[in-house]
Amino acid sequence: MQDIITKALSLVAPKAALDRMVNQAKLRNFGRFDSALTSEKRGISRGVSGGEDTAGTRERLSLIRAARDLADNFPPVRSLLLKFATYVSGRIAYQARTGDHEVDTKIEKYWQKWTNECDFLGRHNFTTLLQLAVTAMLRDGDCGFIIVRDGEDLKLQSVEADRIGSPYDRTDTDKYIGGINVDDYGRPVSYTIFTRTINNQYVSPVDIVAKEFIHLFDAARLDEYRGRSAFATALNATRDLQEAIKAEVQAIKYASYQSGVITTESGAADAGDYFARGNSNDQGQVARLQSLDPGTVNYLTAGEKMEMFKSDRPTGAFGEFIRLIQAHICMAVGLPYGFAFDADKSGPMARMEAAMAERTFLRWRGLLEGKFLDRIKNIILLDAAARGLIPDSEFLLDGRWCWPAKVSIDYGREANADINLWKAGLKTAGQIYSDMGEDYEEALRARAKEAAMLVSLATEMDIPAEYISDSIIPIQAAAPIAAPIVQEEPQPEQTQEKPKQVDLADENKPSKGMVEEALKGLKWREEYNRGGTAVGVARARDISNGKNLSDDTVKRMHSYFSRHEVDKKGQGFQQGEDGFPSAGRIAWALWGGDAGQVWAADKVKGMKASAPETKKVTLAVRDSFGRITALEAKHELVMPTPEKDEEQDDFIGRCMVSGTMSSEYPDESQRTAVCMAQWEKK
């Protein structure tokens, strides 16, 4: 097709016009990207513009109105918002990691108290505010929070998207974009926040300094200042579905009102035939259109017949259309369709979709931690420490967030897989507890307290602990019909002593990597005055001097590394992190570092388990009347107990490698819990 220039050119230079047409054809047919070519059958793409332009505020508010209407009136959108917010932040807890358990406990108690009272308006707790913020980011595009001082306490005041700037504000410029005032470089300086009256009037604008305003949004462009509704790409399709469902329901209702139709032999009827002379109504006619009641007899004229009304609404194709639009809604927020709306899937496909959804939730949790949670937590804890409400600490801000458990369709199957990975050394107990939404250290302490309670209760009631629970069997539990009458039998004079294990001269010599780590740990401890205990320092000196270590020492090293593997997740453990080297990193080096961990594990694997420690006692067997009927000799296992002036780490290490504990509690995590219970009893 010739354009005007080509037509004009053909009048004076036909060959030049022909060359022009050939070149135009080449551009159309041999361009690099087909989608860049214009076509009369496809509209021209929008012009290139920045993430924010003069139409940004108007478009953003149009998206907010449409998305809120769907969230209020269309169940699939409402369901998706609730499900998304629940999975992302249905339950969240903060775990302090200062290195001092007592300080950690006080910080966590204060944080829990603050989260219950954090809303300036007194309507929500912190978890609810977080869930509402996630919902607002998805539905409206963004939201904000202002940290305000209420008396002496700090509180959070929430700001919805339409109050950042005004819906009636059409003055976007290079220095004012959607309620955000920026400097010459485009950095936010302040946010203009409006008050919304009950009549939806926007009044009393206030400028909030950018450092005091927390703006939450999930940007889609590098140069965006405000977020867009996550449903923006699916809003039209979603509204089409909403309207189509309404129309389909109307058609179904209409069809359900029709019982049958009367036709003639010719297949057509005169409209006048539907009214016959006879008993008249208000117009002097009798309507032949009537409602059918049970037992009604209809008289038809010659050539007429009655057929029952049939309807195939809705069709199977309409169901597929619904699923297609629902899939579009899910793709807009980054969730698989099967996870959000189709719960019938099973097997590998269901597990894959659950994993895909979990990746989306992890991304959002990272976004919330960086933009909201860490910023709030740091301000609140620093303020509390300055006011003396919690102990101050060099590592006051070190900690981690515990999110809801990982999404799974088969917890039993994944639990067995985790156990196998843990036994193979490919996954730590800390990682498993994190997947379950629990804190490793707190869980072990809870297990230790439970074990101590079982031992105490069994002793108090004079019954075996297995009568209370099968999870832990305390060694001290007494038999129900036997009571010791002789505490210990004299040993025969010629009792053969258990041969002592003799270490080979160079069997347990530290490796070069261990020596380097130990020297590094001693240097760090002297420089930073933190990390490790007296036991750890002594161990570092033995390692740095190349001293041959006993088998018991090697076992204690292995026990230490097993217990403190979780320290690697703490702030400042890795090079380049704030607070490096942390107290945990210094202590890790004192014991030989990663080289020592691998070395000790390999040594312990080759050692034979120590024989359980026992003592021989004589028990009196009594009948139902309490009379002694027989004496019975029995070997009773001896559980390690803390010695005088023994430090906790030293005792736990000795307890973990005890022959009795190794034989009775082969599961290392259970053995740790029982050893902790023994220490707590002290």
# chains A, B, ... in the order shown; residues from 1 in each chain; ligands from 1
>>> residues_around(residues="stretch 229-231 of chain A", least_positions_apart="6", cutoff="12 Å", atoms="only C-alpha atoms", output="JSON, numbers by chain")
{"A": [59, 60, 61, 62, 63, 64, 65, 66, 67, 68, 69, 70, 71, 77, 78, 80, 81, 134, 135, 136, 137, 138, 139, 140, 141, 142, 143, 161, 217, 218, 219, 220, 237, 238, 239, 325, 326, 328, 329, 330, 331, 332, 333, 334, 335]}
>>> atom_distance(atom1="atom CA of A:Gly579", atom2="atom CA of A:Ile376")
19.9 Å
>>> residues_around(residues="A:Ala355", least_positions_apart="4", cutoff="8 Å", atoms="only C-alpha atoms", output="list in words")
Arg351, Arg359, Val407 and Ser408 of chain A
>>> residues_around(residues="A:Met557", least_positions_apart="5", cutoff="8 Å", atoms="only C-alpha atoms", output="PyMOL selection string")
chain A and resi 591+596-597+600+653
>>> select_by_dssp(residues="stretch 146-248 of chain A", states="strand (DSSP E or B)", output="JSON, numbers by chain")
{"A": [146, 147, 148, 149, 150, 153, 154, 155, 156, 157, 158, 159, 160, 164, 176, 177, 180, 181, 182, 188, 189, 190, 191, 192, 193, 194, 195, 196, 202, 203, 204, 205, 206, 207, 208, 209, 213, 214, 215, 216, 217]}
>>> closest_residue(among="A:Ile390, A:Gly592, A:Asp3, A:Gly572", to="A:His558", atoms="only C-alpha atoms")
A:Gly592
>>> residues_around(residues="stretch 448-458 of chain A", least_positions_apart="5", cutoff="6 Å", atoms="only C-alpha atoms", output="VMD selection string")
chain A and resid 463 to 465 474 673 to 674 676 to 677
>>> residues_around(residues="A:Phe318", least_positions_apart="6", cutoff="10 Å", atoms="only C-alpha atoms", output="list in words")
Ala244, Ile245, Glu248 and Leu324 of chain A
>>> residues_around(residues="A:Phe145", least_positions_apart="5", cutoff="6 Å", atoms="only C-alpha atoms", output="PDB file with C-alpha atoms, in the first residue's frame")
ATOM      1  CA  GLN A 157       0.049   4.787  62.561  1.00  0.00           C
ATOM      2  CA  SER A 158      -1.078   3.178  59.294  1.00  0.00           C
ATOM      3  CA  VAL A 159      -1.665   5.118  56.056  1.00  0.00           C
ATOM      4  CA  PHE A 213       7.778   7.366  57.052  1.00  0.00           C
ATOM      5  CA  ILE A 214       7.877   3.679  56.128  1.00  0.00           C
TER       6      ILE A 214
END
>>> closest_residue(among="A:Ile208, A:Ala384, A:Leu519, A:Ala17", to="A:Ile4", atoms="only C-alpha atoms")
A:Ala17
>>> atom_distance(atom1="atom CA of A:Gly370", atom2="atom CA of A:Leu216")
10.2 Å
>>> closest_atom_pairs(of="stretch 410-454 of chain A", to="stretch 87-95 of chain A", cutoff="10 Å", atoms="only C-alpha atoms", output="Markdown table")
| residue | atom | partner | partner_atom | distance |
| --- | --- | --- | --- | --- |
| A:Gly437 | CA | A:Ile92 | CA | 8.5 |
| A:Glu438 | CA | A:Ala93 | CA | 9.0 |
| A:Asp439 | CA | A:Gln95 | CA | 7.5 |
| A:Glu441 | CA | A:Gln95 | CA | 9.6 |
| A:Glu442 | CA | A:Gln95 | CA | 8.9 |
>>> atom_distance(atom1="atom CA of A:Ala255", atom2="atom CA of A:Thr315")
13.6 Å
>>> select_by_dssp(residues="stretch 101-252 of chain A", states="helix (DSSP H, G or I)", output="number ranges by chain")
A: 101-116, 126-139, 161-163, 210-212, 232-252
